[in-house]
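Below: final25.txt (compact mmCIF, C-alpha atoms)
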```txt
# COMPACT_ATOMS: atom_id res chain seq x y z
CA MET A 1 58.71 13.47 -81.34
CA ALA A 2 56.61 14.95 -84.14
CA ALA A 3 58.46 17.14 -86.64
CA ARG A 4 57.69 20.85 -86.40
CA ALA A 5 56.72 22.84 -89.49
CA SER A 6 59.17 25.55 -90.52
CA PRO A 7 58.14 29.24 -90.21
CA LEU A 8 58.35 29.55 -94.01
CA LEU A 9 55.91 26.67 -94.52
CA LEU A 10 53.50 28.22 -92.03
CA LEU A 11 53.60 31.46 -93.99
CA LEU A 12 52.67 29.60 -97.16
CA LEU A 13 49.64 27.89 -95.58
CA PRO A 14 46.26 29.66 -95.69
CA ALA A 15 45.59 31.43 -92.41
CA ALA A 16 42.36 29.52 -91.83
CA ILE A 17 44.15 26.19 -92.01
CA VAL A 18 46.81 27.31 -89.56
CA LEU A 19 44.18 28.58 -87.11
CA ALA A 20 42.16 25.37 -87.40
CA ALA A 21 45.22 23.24 -86.75
CA ALA A 22 46.09 25.28 -83.70
CA ALA A 23 42.56 25.06 -82.32
CA ALA A 24 41.97 21.34 -82.97
CA PRO A 25 42.18 19.33 -79.72
CA SER A 26 44.79 16.60 -79.59
CA SER A 27 43.22 13.56 -77.97
CA ALA A 28 46.54 11.78 -77.59
CA ALA A 29 47.93 14.79 -75.73
CA ALA A 30 44.89 15.24 -73.46
CA GLY A 31 45.88 15.49 -69.82
CA LEU A 32 44.39 13.55 -66.96
CA ASP A 33 42.53 16.70 -65.91
CA ASP A 34 40.60 16.71 -69.22
CA PRO A 35 37.82 14.07 -69.13
CA ALA A 36 36.51 15.01 -72.57
CA GLY A 37 40.01 14.70 -74.01
CA LEU A 38 40.43 11.27 -72.43
CA LEU A 39 37.17 10.18 -74.05
CA ARG A 40 38.48 11.34 -77.43
CA ARG A 41 41.60 9.27 -76.77
CA ALA A 42 39.53 6.17 -75.98
CA LYS A 43 37.52 6.68 -79.18
CA GLU A 44 40.57 6.80 -81.45
CA ALA A 45 40.33 4.08 -84.11
CA GLU A 46 43.51 2.22 -83.17
CA PHE A 47 42.74 2.33 -79.45
CA MET A 48 39.14 1.28 -80.01
CA ASP A 49 40.12 -1.61 -82.31
CA TRP A 50 42.53 -2.93 -79.68
CA MET A 51 39.98 -2.70 -76.87
CA VAL A 52 37.23 -4.33 -78.96
CA GLY A 53 39.65 -7.09 -79.98
CA VAL A 54 40.41 -7.85 -76.33
CA ARG A 55 36.71 -7.99 -75.52
CA ARG A 56 35.96 -10.35 -78.41
CA ARG A 57 38.77 -12.74 -77.46
CA ILE A 58 37.32 -12.94 -73.96
CA HIS A 59 33.81 -13.38 -75.35
CA GLU A 60 34.83 -16.34 -77.50
CA ASN A 61 36.26 -18.18 -74.48
CA PRO A 62 33.89 -17.59 -71.54
CA GLU A 63 34.81 -19.01 -68.14
CA LEU A 64 32.64 -19.38 -65.05
CA GLY A 65 33.43 -18.12 -61.56
CA TYR A 66 36.85 -19.16 -60.19
CA GLU A 67 37.60 -20.81 -63.56
CA GLU A 68 38.81 -17.65 -65.35
CA PHE A 69 42.32 -19.00 -65.91
CA ALA A 70 42.59 -18.11 -69.60
CA THR A 71 40.94 -14.74 -69.05
CA SER A 72 43.35 -14.00 -66.22
CA GLU A 73 46.28 -14.99 -68.41
CA LEU A 74 45.04 -12.69 -71.17
CA VAL A 75 44.79 -9.81 -68.70
CA ARG A 76 48.33 -10.43 -67.46
CA ARG A 77 49.72 -10.58 -71.00
CA GLU A 78 48.16 -7.22 -71.80
CA LEU A 79 49.49 -5.71 -68.58
CA ASP A 80 52.96 -7.08 -69.37
CA ALA A 81 52.81 -5.47 -72.81
CA MET A 82 52.00 -2.13 -71.17
CA GLY A 83 54.75 -2.48 -68.58
CA ILE A 84 52.29 -2.40 -65.69
CA PRO A 85 53.25 -4.40 -62.56
CA TYR A 86 50.70 -6.70 -60.97
CA ARG A 87 50.22 -9.40 -58.35
CA HIS A 88 48.55 -12.75 -58.99
CA PRO A 89 46.63 -14.76 -57.93
CA PHE A 90 43.96 -13.27 -55.71
CA ALA A 91 40.81 -15.33 -55.10
CA VAL A 92 42.13 -18.10 -57.39
CA THR A 93 42.24 -16.17 -60.70
CA GLY A 94 42.16 -12.49 -59.74
CA VAL A 95 44.80 -9.95 -60.74
CA VAL A 96 45.71 -6.71 -58.93
CA ALA A 97 47.75 -4.18 -60.91
CA THR A 98 49.06 -0.73 -59.96
CA VAL A 99 49.83 2.43 -61.92
CA GLY A 100 51.34 5.60 -60.47
CA THR A 101 53.76 6.56 -57.73
CA GLY A 102 53.29 3.49 -55.59
CA GLY A 103 52.43 5.73 -52.65
CA PRO A 104 49.29 7.33 -51.23
CA PRO A 105 46.62 8.22 -51.90
CA PHE A 106 45.31 4.91 -53.28
CA VAL A 107 42.15 4.65 -55.38
CA ALA A 108 40.83 1.44 -56.95
CA LEU A 109 38.92 0.45 -60.09
CA ARG A 110 37.29 -2.95 -60.50
CA ALA A 111 36.23 -5.22 -63.37
CA ASP A 112 34.56 -8.63 -63.09
CA MET A 113 35.74 -11.42 -65.42
CA ASP A 114 33.29 -14.33 -65.11
CA ALA A 115 30.69 -15.58 -67.58
CA LEU A 116 27.31 -17.29 -67.16
CA PRO A 117 26.28 -20.96 -67.48
CA MET A 118 24.05 -20.46 -70.52
CA GLN A 119 24.12 -21.23 -74.23
CA GLU A 120 24.62 -18.23 -76.51
CA SER A 121 21.87 -17.88 -79.14
CA VAL A 122 23.40 -14.98 -81.08
CA GLU A 123 24.98 -16.03 -84.36
CA TRP A 124 28.04 -13.88 -85.09
CA GLU A 125 31.71 -14.17 -85.89
CA HIS A 126 32.84 -14.15 -82.26
CA LYS A 127 30.15 -16.36 -80.72
CA SER A 128 31.12 -18.35 -77.62
CA LYS A 129 33.19 -21.40 -78.50
CA VAL A 130 32.37 -23.12 -75.22
CA PRO A 131 29.03 -24.98 -75.15
CA GLY A 132 26.82 -23.96 -72.25
CA LYS A 133 28.86 -20.88 -71.32
CA MET A 134 28.37 -17.28 -72.41
CA HIS A 135 29.30 -13.73 -71.51
CA GLY A 136 25.65 -12.76 -71.17
CA CYS A 137 26.07 -9.86 -68.73
CA GLY A 138 28.90 -7.74 -70.12
CA HIS A 139 31.84 -8.78 -67.97
CA ASP A 140 33.93 -9.31 -71.11
CA ALA A 141 33.42 -5.61 -71.89
CA HIS A 142 34.14 -4.61 -68.28
CA THR A 143 37.50 -6.41 -68.39
CA ALA A 144 38.44 -4.87 -71.74
CA MET A 145 37.42 -1.40 -70.53
CA LEU A 146 39.57 -1.67 -67.41
CA LEU A 147 42.50 -2.70 -69.58
CA GLY A 148 41.69 0.38 -71.66
CA SER A 149 41.84 2.50 -68.52
CA ALA A 150 45.15 0.85 -67.63
CA LYS A 151 46.59 1.81 -71.00
CA ILE A 152 45.56 5.46 -70.69
CA LEU A 153 46.76 5.69 -67.10
CA GLN A 154 50.10 4.17 -68.05
CA GLU A 155 50.45 6.74 -70.85
CA HIS A 156 50.07 9.44 -68.18
CA ARG A 157 51.77 7.65 -65.29
CA ASP A 158 54.13 10.57 -64.64
CA GLU A 159 51.13 12.86 -64.08
CA LEU A 160 49.48 10.67 -61.45
CA GLN A 161 49.68 12.05 -57.93
CA GLY A 162 49.22 8.75 -56.13
CA THR A 163 48.44 5.16 -57.07
CA VAL A 164 45.58 3.64 -59.06
CA VAL A 165 44.90 -0.01 -58.17
CA LEU A 166 43.24 -2.11 -60.88
CA LEU A 167 41.27 -5.14 -59.67
CA PHE A 168 40.37 -7.87 -62.16
CA GLN A 169 37.98 -9.97 -60.08
CA PRO A 170 36.58 -13.49 -60.52
CA ALA A 171 33.16 -14.89 -59.65
CA GLU A 172 30.82 -11.92 -59.41
CA GLU A 173 27.85 -14.01 -60.57
CA GLY A 174 26.89 -15.49 -57.20
CA GLY A 175 30.31 -16.71 -56.17
CA GLY A 176 31.21 -13.75 -54.00
CA GLY A 177 34.54 -13.15 -55.70
CA ALA A 178 34.73 -9.64 -54.26
CA MET A 179 34.55 -11.04 -50.73
CA LYS A 180 37.47 -13.37 -51.42
CA MET A 181 39.46 -10.56 -53.06
CA VAL A 182 39.04 -8.58 -49.84
CA GLU A 183 40.03 -11.59 -47.72
CA ASP A 184 43.18 -12.00 -49.83
CA GLY A 185 44.21 -8.39 -49.15
CA ALA A 186 43.43 -6.88 -52.55
CA VAL A 187 42.11 -3.60 -51.16
CA GLU A 188 44.58 -2.84 -48.38
CA ASN A 189 45.25 0.93 -48.08
CA ILE A 190 42.51 1.77 -50.62
CA GLU A 191 40.72 5.02 -49.73
CA ALA A 192 38.04 5.00 -52.44
CA MET A 193 36.85 2.55 -55.08
CA PHE A 194 34.75 2.75 -58.24
CA GLY A 195 32.86 0.03 -60.11
CA LEU A 196 30.80 0.13 -63.28
CA HIS A 197 28.37 -1.92 -65.34
CA VAL A 198 27.14 -1.58 -68.90
CA ALA A 199 23.39 -0.92 -68.96
CA ASP A 200 21.00 -2.25 -71.59
CA ILE A 201 18.29 0.38 -70.96
CA VAL A 202 20.50 3.48 -70.54
CA PRO A 203 21.17 5.36 -73.83
CA ILE A 204 24.61 5.31 -75.38
CA GLY A 205 26.73 8.20 -74.17
CA VAL A 206 24.84 8.50 -70.88
CA LEU A 207 26.36 7.84 -67.45
CA ALA A 208 23.88 7.09 -64.67
CA SER A 209 23.85 6.46 -60.94
CA ARG A 210 22.46 7.77 -57.65
CA PRO A 211 23.56 8.40 -54.06
CA GLY A 212 22.65 5.85 -51.37
CA PRO A 213 21.23 2.40 -52.20
CA ILE A 214 21.68 1.49 -55.87
CA MET A 215 21.48 -2.35 -55.76
CA ALA A 216 19.71 -4.62 -53.29
CA GLY A 217 21.16 -7.16 -50.89
CA SER A 218 20.47 -10.72 -51.99
CA GLY A 219 20.46 -14.23 -50.57
CA PHE A 220 19.52 -17.72 -51.76
CA PHE A 221 17.48 -20.39 -50.06
CA GLU A 222 16.62 -24.02 -50.76
CA ALA A 223 14.19 -26.23 -48.88
CA VAL A 224 13.46 -29.95 -48.97
CA ILE A 225 9.85 -30.68 -47.98
CA SER A 226 9.34 -34.33 -47.10
CA GLY A 227 6.13 -36.33 -46.80
CA LYS A 228 5.09 -39.83 -47.80
CA GLY A 229 4.76 -40.88 -51.41
CA GLY A 230 2.19 -43.17 -52.98
CA HIS A 231 -0.24 -43.71 -55.84
CA ALA A 232 -2.26 -40.74 -57.10
CA ALA A 233 -5.44 -42.82 -56.87
CA LEU A 234 -4.93 -43.26 -53.11
CA PRO A 235 -3.99 -39.78 -51.79
CA HIS A 236 -5.33 -40.62 -48.32
CA HIS A 237 -2.51 -43.12 -47.97
CA THR A 238 0.10 -40.42 -48.64
CA ILE A 239 1.38 -37.21 -47.09
CA ASP A 240 1.57 -35.01 -50.18
CA PRO A 241 4.73 -32.81 -50.29
CA ILE A 242 3.63 -31.17 -53.56
CA LEU A 243 0.54 -29.76 -51.88
CA ALA A 244 2.62 -28.65 -48.91
CA ALA A 245 5.19 -26.97 -51.18
CA SER A 246 2.42 -25.20 -53.08
CA ASN A 247 1.03 -23.74 -49.86
CA VAL A 248 4.53 -22.74 -48.81
CA ILE A 249 5.08 -20.80 -52.04
CA VAL A 250 1.80 -18.91 -51.71
CA SER A 251 2.57 -18.05 -48.09
CA LEU A 252 6.06 -16.80 -48.96
CA GLN A 253 4.56 -14.18 -51.27
CA GLN A 254 2.63 -12.73 -48.33
CA LEU A 255 5.86 -11.87 -46.53
CA VAL A 256 6.25 -8.83 -48.77
CA SER A 257 2.61 -8.01 -49.45
CA ARG A 258 1.50 -8.18 -45.81
CA GLU A 259 4.55 -7.92 -43.56
CA ALA A 260 6.85 -5.42 -45.29
CA ASP A 261 6.52 -1.64 -45.26
CA PRO A 262 5.27 -0.72 -48.76
CA LEU A 263 7.97 1.99 -48.88
CA ASP A 264 10.70 -0.56 -48.07
CA SER A 265 11.35 -2.47 -51.31
CA GLN A 266 11.68 -6.23 -50.83
CA VAL A 267 11.33 -9.27 -53.09
CA VAL A 268 10.93 -13.00 -52.44
CA THR A 269 11.01 -15.19 -55.54
CA VAL A 270 10.73 -18.97 -55.81
CA GLY A 271 12.40 -20.03 -59.03
CA LYS A 272 12.98 -23.72 -58.38
CA PHE A 273 10.36 -26.45 -57.88
CA GLN A 274 11.44 -30.06 -58.29
CA GLY A 275 9.33 -33.03 -57.29
CA GLY A 276 7.99 -36.18 -58.83
CA GLY A 277 8.57 -37.77 -62.19
CA ALA A 278 5.29 -39.47 -63.05
CA PHE A 279 1.74 -38.27 -63.62
CA ASN A 280 0.18 -40.78 -61.26
CA VAL A 281 2.68 -40.92 -58.40
CA ILE A 282 2.89 -38.61 -55.37
CA PRO A 283 6.61 -38.26 -54.52
CA ASP A 284 8.22 -38.61 -51.10
CA SER A 285 9.74 -35.12 -51.22
CA VAL A 286 9.85 -31.83 -53.10
CA THR A 287 12.69 -29.32 -53.37
CA ILE A 288 12.02 -25.61 -53.79
CA GLY A 289 14.48 -22.74 -53.97
CA GLY A 290 14.71 -19.05 -54.65
CA THR A 291 16.09 -15.67 -53.66
CA PHE A 292 15.19 -12.85 -51.32
CA ARG A 293 16.23 -9.22 -51.67
CA ALA A 294 16.06 -5.98 -49.69
CA PHE A 295 17.83 -2.62 -49.47
CA LEU A 296 18.03 -2.48 -45.67
CA LYS A 297 20.06 -4.91 -43.57
CA GLU A 298 17.27 -5.13 -40.97
CA SER A 299 14.70 -5.97 -43.66
CA PHE A 300 17.03 -8.54 -45.18
CA ASN A 301 17.58 -10.32 -41.87
CA GLN A 302 13.85 -10.24 -41.11
CA LEU A 303 13.08 -11.82 -44.48
CA LYS A 304 15.61 -14.58 -43.86
CA GLN A 305 14.09 -15.40 -40.48
CA ARG A 306 10.51 -15.39 -41.77
CA ILE A 307 11.32 -17.47 -44.85
CA GLU A 308 12.54 -20.31 -42.65
CA GLU A 309 9.61 -19.96 -40.25
CA VAL A 310 7.01 -19.98 -43.03
CA ILE A 311 8.51 -22.96 -44.85
CA VAL A 312 8.79 -25.12 -41.72
CA SER A 313 5.42 -24.09 -40.28
CA GLN A 314 3.41 -24.37 -43.49
CA ALA A 315 4.91 -27.76 -44.25
CA SER A 316 3.89 -28.98 -40.80
CA VAL A 317 0.29 -27.84 -41.44
CA GLN A 318 0.24 -30.40 -44.26
CA ARG A 319 1.87 -33.04 -41.98
CA CYS A 320 5.23 -32.68 -43.78
CA SER A 321 8.67 -31.82 -42.46
CA ALA A 322 11.00 -29.26 -43.99
CA VAL A 323 14.71 -28.46 -43.88
CA VAL A 324 15.87 -25.02 -45.07
CA ASP A 325 19.39 -24.27 -46.35
CA PHE A 326 20.51 -20.72 -47.11
CA LEU A 327 23.49 -21.98 -49.14
CA LYS A 328 25.92 -19.45 -47.67
CA LYS A 329 28.91 -21.70 -48.25
CA ASP A 330 28.60 -21.67 -52.05
CA ARG A 331 26.43 -18.55 -52.51
CA PRO A 332 27.27 -15.96 -49.86
CA PHE A 333 24.71 -13.30 -49.03
CA PHE A 334 25.37 -10.07 -50.94
CA PRO A 335 24.96 -6.88 -48.89
CA PRO A 336 23.14 -3.92 -50.48
CA THR A 337 25.29 -1.75 -52.74
CA ILE A 338 25.23 1.76 -51.26
CA ASN A 339 26.90 4.72 -52.94
CA SER A 340 28.73 7.39 -50.98
CA PRO A 341 26.87 10.74 -51.25
CA GLU A 342 30.24 12.49 -51.32
CA LEU A 343 31.42 10.40 -54.26
CA HIS A 344 28.08 10.93 -56.02
CA ASP A 345 28.75 14.67 -56.19
CA PHE A 346 32.28 13.93 -57.36
CA PHE A 347 30.99 11.50 -60.02
CA GLY A 348 28.49 14.06 -61.30
CA LYS A 349 31.17 16.72 -61.66
CA VAL A 350 33.63 14.52 -63.56
CA ALA A 351 30.93 12.92 -65.73
CA SER A 352 29.52 16.32 -66.68
CA GLU A 353 32.94 17.42 -67.87
CA MET A 354 33.19 14.28 -70.00
CA VAL A 355 29.74 13.90 -71.60
CA GLY A 356 27.94 17.11 -70.64
CA PRO A 357 25.42 17.60 -67.81
CA ASN A 358 22.47 16.49 -69.97
CA ASN A 359 24.05 13.05 -70.32
CA VAL A 360 24.53 12.50 -66.59
CA ARG A 361 21.34 11.05 -65.16
CA ASP A 362 19.85 9.58 -62.02
CA ARG A 363 19.26 5.83 -61.99
CA GLN A 364 16.48 4.25 -59.99
CA PRO A 365 17.60 1.59 -57.47
CA LEU A 366 17.62 -1.96 -58.83
CA MET A 367 16.52 -5.10 -57.00
CA GLY A 368 19.40 -6.97 -58.61
CA ALA A 369 22.47 -7.62 -56.45
CA GLU A 370 26.17 -6.87 -56.97
CA ASP A 371 29.06 -8.30 -55.03
CA PHE A 372 30.82 -4.93 -55.41
CA SER A 373 28.99 -4.32 -52.13
CA PHE A 374 31.60 -6.43 -50.30
CA TYR A 375 34.25 -3.80 -51.01
CA ALA A 376 32.29 -1.22 -49.01
CA GLU A 377 32.94 -3.28 -45.89
CA ALA A 378 36.71 -2.81 -46.32
CA VAL A 379 37.04 0.49 -48.23
CA PRO A 380 36.00 3.83 -46.63
CA THR A 381 34.07 5.12 -49.67
CA THR A 382 32.78 3.25 -52.73
CA TYR A 383 30.73 4.19 -55.79
CA TYR A 384 28.95 2.16 -58.48
CA TYR A 385 27.60 3.53 -61.76
CA PHE A 386 26.21 2.51 -65.14
CA VAL A 387 27.51 3.11 -68.67
CA GLY A 388 24.72 3.38 -71.23
CA MET A 389 24.82 1.28 -74.40
CA LEU A 390 21.23 1.42 -75.73
CA ASN A 391 21.07 2.51 -79.37
CA GLU A 392 17.64 1.83 -80.81
CA THR A 393 18.91 2.26 -84.38
CA ARG A 394 20.81 -1.02 -83.91
CA GLY A 395 17.55 -2.88 -83.34
CA PRO A 396 16.18 -4.44 -80.14
CA GLN A 397 18.57 -4.73 -77.20
CA ALA A 398 18.21 -8.03 -75.36
CA PRO A 399 18.45 -7.76 -71.57
CA HIS A 400 21.29 -8.94 -69.38
CA HIS A 401 21.35 -12.70 -68.65
CA SER A 402 19.52 -13.41 -71.91
CA PRO A 403 21.01 -15.87 -74.45
CA TYR A 404 20.43 -13.08 -77.00
CA PHE A 405 22.33 -10.43 -75.02
CA THR A 406 24.84 -8.40 -77.05
CA ILE A 407 27.29 -5.62 -76.25
CA ASN A 408 27.14 -2.30 -78.04
CA GLU A 409 30.90 -1.88 -78.33
CA ASP A 410 30.48 1.86 -78.95
CA ALA A 411 29.92 2.16 -75.19
CA MET A 412 33.38 0.88 -74.31
CA PRO A 413 35.31 4.16 -74.72
CA TYR A 414 32.93 5.83 -72.25
CA GLY A 415 33.68 3.22 -69.61
CA ALA A 416 37.43 3.26 -70.16
CA ALA A 417 37.68 7.06 -70.12
CA MET A 418 35.31 7.54 -67.17
CA GLN A 419 37.22 5.13 -64.96
CA THR A 420 40.46 6.85 -65.86
CA SER A 421 39.04 10.31 -65.12
CA LEU A 422 37.51 9.33 -61.80
CA ALA A 423 40.71 7.75 -60.53
CA ALA A 424 43.05 10.50 -61.68
CA ARG A 425 40.82 13.32 -60.42
CA TYR A 426 40.31 11.60 -57.08
CA LEU A 427 44.07 11.40 -56.54
CA LEU A 428 44.45 15.04 -57.46
CA GLU A 429 41.77 16.20 -55.04
CA HIS A 430 42.81 13.99 -52.12
CA GLN A 431 46.47 14.75 -51.69
CA PRO A 432 47.88 14.08 -48.21
CA VAL A 433 48.10 17.15 -46.03
CA LYS A 434 51.72 18.04 -45.52
CA ALA A 435 52.75 18.90 -41.99
CA ALA A 436 53.86 22.51 -41.60
CA LYS A 437 57.53 22.98 -40.81
CA SER A 438 58.14 24.54 -37.41
CA GLU A 439 60.20 27.72 -37.39
CA PRO A 440 63.44 27.57 -35.36
CA ARG A 441 63.50 29.88 -32.38
CA ASP A 442 65.91 30.89 -29.67
CA GLU A 443 65.35 29.52 -26.22
CA LEU A 444 65.92 31.83 -23.27
```
Do you think you could lay out the structure here as structure tokens?
Amino acid sequence: MAARASPLLLLLLPAAIVLAAAAAPSSAAAGLDDPAGLLRRAKEAEFMDWMVGVRRRIHENPELGYEEFATSELVRRELDAMGIPYRHPFAVTGVVATVGTGGPPFVALRADMDALPMQESVEWEHKSKVPGKMHGCGHDAHTAMLLGSAKILQEHRDELQGTVVLLFQPAEEGGGGAMKMVEDGAVENIEAMFGLHVADIVPIGVLASRPGPIMAGSGFFEAVISGKGGHAALPHHTIDPILAASNVIVSLQQLVSREADPLDSQVVTVGKFQGGGAFNVIPDSVTIGGTFRAFLKESFNQLKQRIEEVIVSQASVQRCSAVVDFLKKDRPFFPPTINSPELHDFFGKVASEMVGPNNVRDRQPLMGAEDFSFYAEAVPTTYYYFVGMLNETRGPQAPHHSPYFTINEDAMPYGAAMQTSLAARYLLEHQPVKAAKSEPRDEL
């Protein structure tokens, strides 16, 4: 407990100093109902240094989906140090922690832990120590920010009017870790859930989102187109799968340009084309692969059906055969990420109290996919938002999934404080309705 100044000492201090001290906000003493105060707490030098240190340790040792064993251990060590109980494992490496009363209502916050299979090209003190692996999307920051939220929530655990569930999830990058977390029971009893992502094009200090669709549904496909190989000088003796694959790719682009409603955003992209190894030899087969994306389930299913039809039919026009695999075993389809309109209004209110209404902005829907969408199938209401980190005075900001991607660590307090505020305020505003006691009465 801090020592209190004596009345005599206060009399000796200049009045202006006494008034200033009385008026100055205490970030450490900020309550859970004070989003701006929680942000000041997250920005305190000691708190910030700890959170940044956690993020850098994770960055130096990136792990791919379902391989986040060291990252999971780091998370559990930090939770142990805070005295926060947790359960482990979920979905191989996942961790589920709880802060609060242990009773309803239950609200959840989620961070993804996995890295990307790419070589980091940024030279700095905490560069990835693992060749061919890099935190090139910001999941290291997400994990550190959720631990930051855990620390603040634990500091105020006696104020919580319900339970905050903290999900540290593996394998967001294509592995469907969220789906396996749900299957393992990680979101049982959860009434609402919030997820975030750092954003390379949103200014620092800005929080952005929108109601309804915010991220597209996504699926993968791969096709093997088979013909008959031979010498390039004798094409009439071959059945050319490269020509067939080329026609297939052109035809796939027409699915969006000529079959989709222009107001219904869809994308088909072929990013893989493998066939042949010599300049003068036509190969026996070619493999192509790519992704397809849409915001509506009906559009997504229609694209899937037409992709297979086009590949098989166009290959047959060139006398080839084709087999299409949608790779659902290793790369499950991601549903669209759709924000609850009710939670959007709630988000806007809390965010405005934290950063001011001018720093709460709408975000256009993105054709990228997020496996946070799987939680919406098990949780009544979910919401996904973006934490800005663009600061042009720092120089160019490389995009996500670039080997030159970097995190503006000044954004981390915003994420930690916003998650804390959303969870605490949600619990406060969604208290169970207590049944009225019946009055005793005499019976005739």
* When distances are computed from all atoms listed in the file, which of A:Val130, A:Val324, A:Ala199, A:Val256 shows the smallest separation from Gly289 (chain A)? ->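 Of A:Val130, A:Val324, A:Ala199, A:Val256, the one nearest Gly289 (chain A), counting all atoms listed in the file, is A:Val324.
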* **For Thr420 (chain A): contacts at 8 Å, only C-alpha atoms, fewer than 2 positions along chain excluded, given as a PyMOL selection string** => chain A and resi 32+38+149-150+152-153+416-418+422-424
* To do: Tell me which of A:Lys151, A:Glu370, A:Thr101, A:Gln364 sits closest to Ala81 (chain A), counting all atoms listed in the file.
  =>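 That would be A:Lys151, the residue with the smallest distance to Ala81 (chain A).
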* To do: For CA of Ser421 (chain A) and CA of Ala42 (chain A), quote the distance in Å rounded to one decimal.
  =>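 CA of Ala42 (chain A) lies 11.6 Å from CA of Ser421 (chain A).
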* Would you work out the distance separating CA of His430 (chain A) from CA of Phe90 (chain A), expressed in Å to one decimal? =>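 We find that CA of His430 (chain A) and CA of Phe90 (chain A) lie 27.5 Å from each other.
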* To do: Pick out the residues sitting within 8 Å of Pro413 (chain A), and hand them over as a ChimeraX atom specification; count all atoms listed in the file, and ignore anything fewer than 6 positions along from it in its own chain.
  => /A:39,42-43,48,145
Compile the contact shell of Pro85 (chain A) as a CSV table (one decimal) with C-alpha atoms, in the frame of the given file: residues with an atom at most 7 Å away, counting all atoms listed in the file, same-chain residues fewer than 2 positions apart removed.
```csv
chain,number,residue,atom,x,y,z
A,83,GLY,CA,54.8,-2.5,-68.6
A,97,ALA,CA,47.8,-4.2,-60.9
A,98,THR,CA,49.1,-0.7,-60.0
```
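As for CA of Thr143 (chain A) and CA of Pro332 (chain A), they are spaced 23.2 Å apart.
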* Do you know which residues are at most 6 Å from region 108-113 of chain A counting all atoms listed in the file, after dropping those on the same chain fewer than 6 positions away, and could you put them as a list of chain:residue names? ->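 After dropping sequence-adjacent residues, the list is A:His139, A:His142, A:Thr143, A:Val164, A:Val165, A:Leu166, A:Leu167, A:Phe168, A:Gln169, A:Pro170, A:Met193, A:Phe194, A:Gly195.
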* Of the candidates A:Tyr426, A:Phe347, A:Phe273, A:Trp124, which one gets nearest to Arg210 (chain A) if we count all atoms listed in the file? -> A:Phe347
* To do: Write out as a list of chain:residue names the residues lying within 7 Å of Val360 (chain A), counting all atoms listed in the file and excluding same-chain residues fewer than 6 positions away.
  => A:Val206, A:Leu207, A:Ala208, A:Gly348, A:Ala351, A:Ser352
Which residues, protein or nucleic acid, reach to within 12 Å of (30.0, 13.9, -51.2) in the file's coordinates when using all atoms listed in the file, and can you give that as a PDB file with C-alpha atoms, in the frame of the given file?
```
ATOM      1  CA  ARG A 210      22.460   7.770 -57.650  1.00  0.00           C
ATOM      2  CA  PRO A 211      23.560   8.400 -54.060  1.00  0.00           C
ATOM      3  CA  GLY A 212      22.650   5.850 -51.370  1.00  0.00           C
ATOM      4  CA  ASN A 339      26.900   4.720 -52.940  1.00  0.00           C
ATOM      5  CA  SER A 340      28.730   7.390 -50.980  1.00  0.00           C
ATOM      6  CA  PRO A 341      26.870  10.740 -51.250  1.00  0.00           C
ATOM      7  CA  GLU A 342      30.240  12.490 -51.320  1.00  0.00           C
ATOM      8  CA  LEU A 343      31.420  10.400 -54.260  1.00  0.00           C
ATOM      9  CA  HIS A 344      28.080  10.930 -56.020  1.00  0.00           C
ATOM     10  CA  ASP A 345      28.750  14.670 -56.190  1.00  0.00           C
ATOM     11  CA  PHE A 346      32.280  13.930 -57.360  1.00  0.00           C
ATOM     12  CA  PHE A 347      30.990  11.500 -60.020  1.00  0.00           C
ATOM     13  CA  GLY A 348      28.490  14.060 -61.300  1.00  0.00           C
ATOM     14  CA  LYS A 349      31.170  16.720 -61.660  1.00  0.00           C
ATOM     15  CA  THR A 381      34.070   5.120 -49.670  1.00  0.00           C
ATOM     16  CA  THR A 382      32.780   3.250 -52.730  1.00  0.00           C
ATOM     17  CA  TYR A 383      30.730   4.190 -55.790  1.00  0.00           C
TER      18      TYR A 383
END
```
* Go through A:Ala233, A:Ala369, A:Ile190, A:Val92 one by one, measure the shortest atom-to-atom distance of each to Gly219 (chain A) using all atoms listed in the file, and give the residue with the smallest value. => A:Ala369
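Counting only C-alpha atoms, the residue from A:Gly102, A:Gly138, A:Pro62, A:Gly162 that sits nearest to His400 (chain A) is A:Gly138.
Distance annotation: of A:Met181, A:Val387, A:Ile307, A:Val317, the residue with the minimal separation from Arg361 (chain A) is A:Val387; atom set is only C-alpha atoms.
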